[in-house]
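Right, one structure below, let's go through it.
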Amino acid sequence: MPVRTRLAPSPTGDPHLGSAYAALFNRAFAKRNGGQFILRIEDTDRTRNSVESEAAIFDALRWLGLDWDEGPDVGGDKGPYRQSERTAIYKEYIAKLISVGGAFHCFCSKERLDELRRDQMQRGATPKYDGKCLALDSGEIDERIARGDSHVIRLGVPDKGECRFVDGVRGEITIPWSQVDMQVLIKSDGFPTYHFASTVDDHLMGISHIFRGEEWISSFPKHQLIYRYFGWDMPLHYHLPLLRNPDQSKMSKRRNATSINYYRRCGFLRESLLNYLATMGWSMPEEREKFSMEEFYGEFNPERLSPRGPVFDIEKLSWLNGLYIRELTSEELKERVFDWAFGGNRLDRLLSLVRERSERFDDLFRQADYILGDRIELKEEDFEHRNLELDEIRKILHFVNKSLEELEEWNRDNLYESLNLLSKSMSLKFRDFLGPIFVAVSGRTVTLPLFDSLELLERDVVKMRIRSAIDVLGGISKKESKRLDREWRDLVSTQSS
Ligand code: GLU
């Protein structure tokens, strides 16, 4: 069987470091075995997908040099490679799955399901569907469908026994079927869920090996059932350990820079980022820490993957990046620094901002210091404000980050519009509201035009600077952040209604 691997990102939010991590191992395995690496876009969640996010995934993976042999933009003979373009395929396969008894229609209302869940939680039982609609006969099902009753299609799960499988990284894993939910495979809008679409596609696209994050282990039994009902061979799965912070906690968007773009914008080289990711959960013989991608592809053997949670330490990555910087020839260094700082239209943008405000060329660097480099370290006093208390400032910054996260296209006009709206709904003067943002982003109270600066800095750097400013102001606990998130959500929903 030819080796075919894939990366299957969902185009929501920023291109995730986890996607680069999984892409790296999938691609290395395919290359080493003369196979193909495929990019499939899993865009079945219509409420969360965006075209910008898909474009950003392509761009970030290409920047890293993790290009693909088949995919939405390069084609291939197993396409289409976007799930939203494969709905007819899922319709055909779900009908087959129902006909072999692997799936069933479920007409239960949301109220019933909520009540069931509440009940199970109260009893300390695993919340899951109780199989009520399994008892419906085919006449009744047809009648209800013809009547237009809202329904989903669920996976049939054995009520006894256990699912056993071999994970390429962890060996044998056993999960009792009693812990596995009768997963919704087709939602009431007719769209498939990840579990169904992904399994059907992996089979139809001839995927032989899958390297993906360990958060998917608990989904594996559902996927195994789908393969079994269809009588298909299953690809070999390797669940990669999740990346961790130096304190062993899970690396998460809430606390860390998890977007590839952040590392790119901060001036990390693709070589060091890839090299570092390749040491996460995998080791070179003799535990060598620095190696090229050619060496990695030459050596990559999944037997050296380990389930122990690897620590992603930005200090260590910086050290490695320094080694790579020193290896560049002067010509390469010049080119890459220039491209990073001024590439695309960055230089034009910067000069157009500084020109009106400068008398000497060195004003460029004085005024754009926080755009060209990291901003200065902040102190609480930097945020002192005539009209705002520190608590209010923390809240503004938290809300700003929430709004920035939701912004679809990152550009000056959208930024202006979104923050202006937010300040209005917080009943604050725009000027007052912007003050703390200036400080958080630039370390100063007077800067180049704020919205241009935000655009040039890009989303992830801005978000991280705001987050670190919140920390300077004492931080926000998980509980408080949940409460503020709700408050923000209420504000935003009144805005749009
Ligand atoms: N769409 C899933 C994700 O976004 C893919 C998971 C998998 O690789 O099976 O992570």
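The chains in the structure tokens are called A, B, ... from first to last as shown; in each chain the residues are counted from 1, and the ligands are counted from 1 in the order shown.
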
TODO: Please provide the set of residues having any atom within 12 Å of Glu356 of chain A, restricted to only C-alpha atoms, with same-chain residues fewer than 5 positions apart removed, written as a ChimeraX atom specification.
DONE: /A:350-351,361,363-364,367,448-449

Open item on the list: as a list in words, please: the residues near segment 368-372 of chain A (cut-off 8 Å, only C-alpha atoms, same-chain neighbours under 6 positions excluded).
Closed with: Ala341, Leu350, Val354, Val441, Ser442, Gly443, Leu448, Ser453, Leu456 and Leu457 of chain A

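Taking atom CA of Leu421 of chain A as the reference point, atom CA of Val400 of chain A is found at 10.8 Å.
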
TODO: Looking only at alpha helix (DSSP H) from DSSP on the backbone, list the matching residues of segment 243-372 of chain A as a PyMOL selection string.
DONE: chain A and resi 260-265+270-278+293-299+314-327+330-342+346-355+363-367+369-372

Return as CSV the residues of segment 218-334 of chain A lying at most 12 Å from segment 404-412 of chain A, together with the closest atom-to-atom pair for each and the distance in Å to one decimal, counting only C-alpha atoms, with rows in chain order and ascending residue number.
```
residue,atom,partner,partner_atom,distance
A:Lys253,CA,A:Glu405,CA,10.6
A:Arg254,CA,A:Glu405,CA,10.9
A:Ser259,CA,A:Glu405,CA,12.0
```

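Using only C-alpha atoms and all ligand atoms, residues with at least one atom at most 7 Å away from any atom of ligand 1 are Leu7, Ala8, Pro9, Ser10, Glu42, Tyr194, Ser198, Arg212 and Trp216 of chain A.
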
- [ ] Write out as a VMD selection string which residues come within 10 Å of Arg489 of chain A when counting only C-alpha atoms, dropping same-chain ones fewer than 6 positions away.
- [x] chain A and resid 399 402 to 403 483 495

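Counting only C-alpha atoms, the residue from A:Met121, A:Ile260, A:Val184, A:Cys106 that sits nearest to Leu64 of chain A is A:Ile260.
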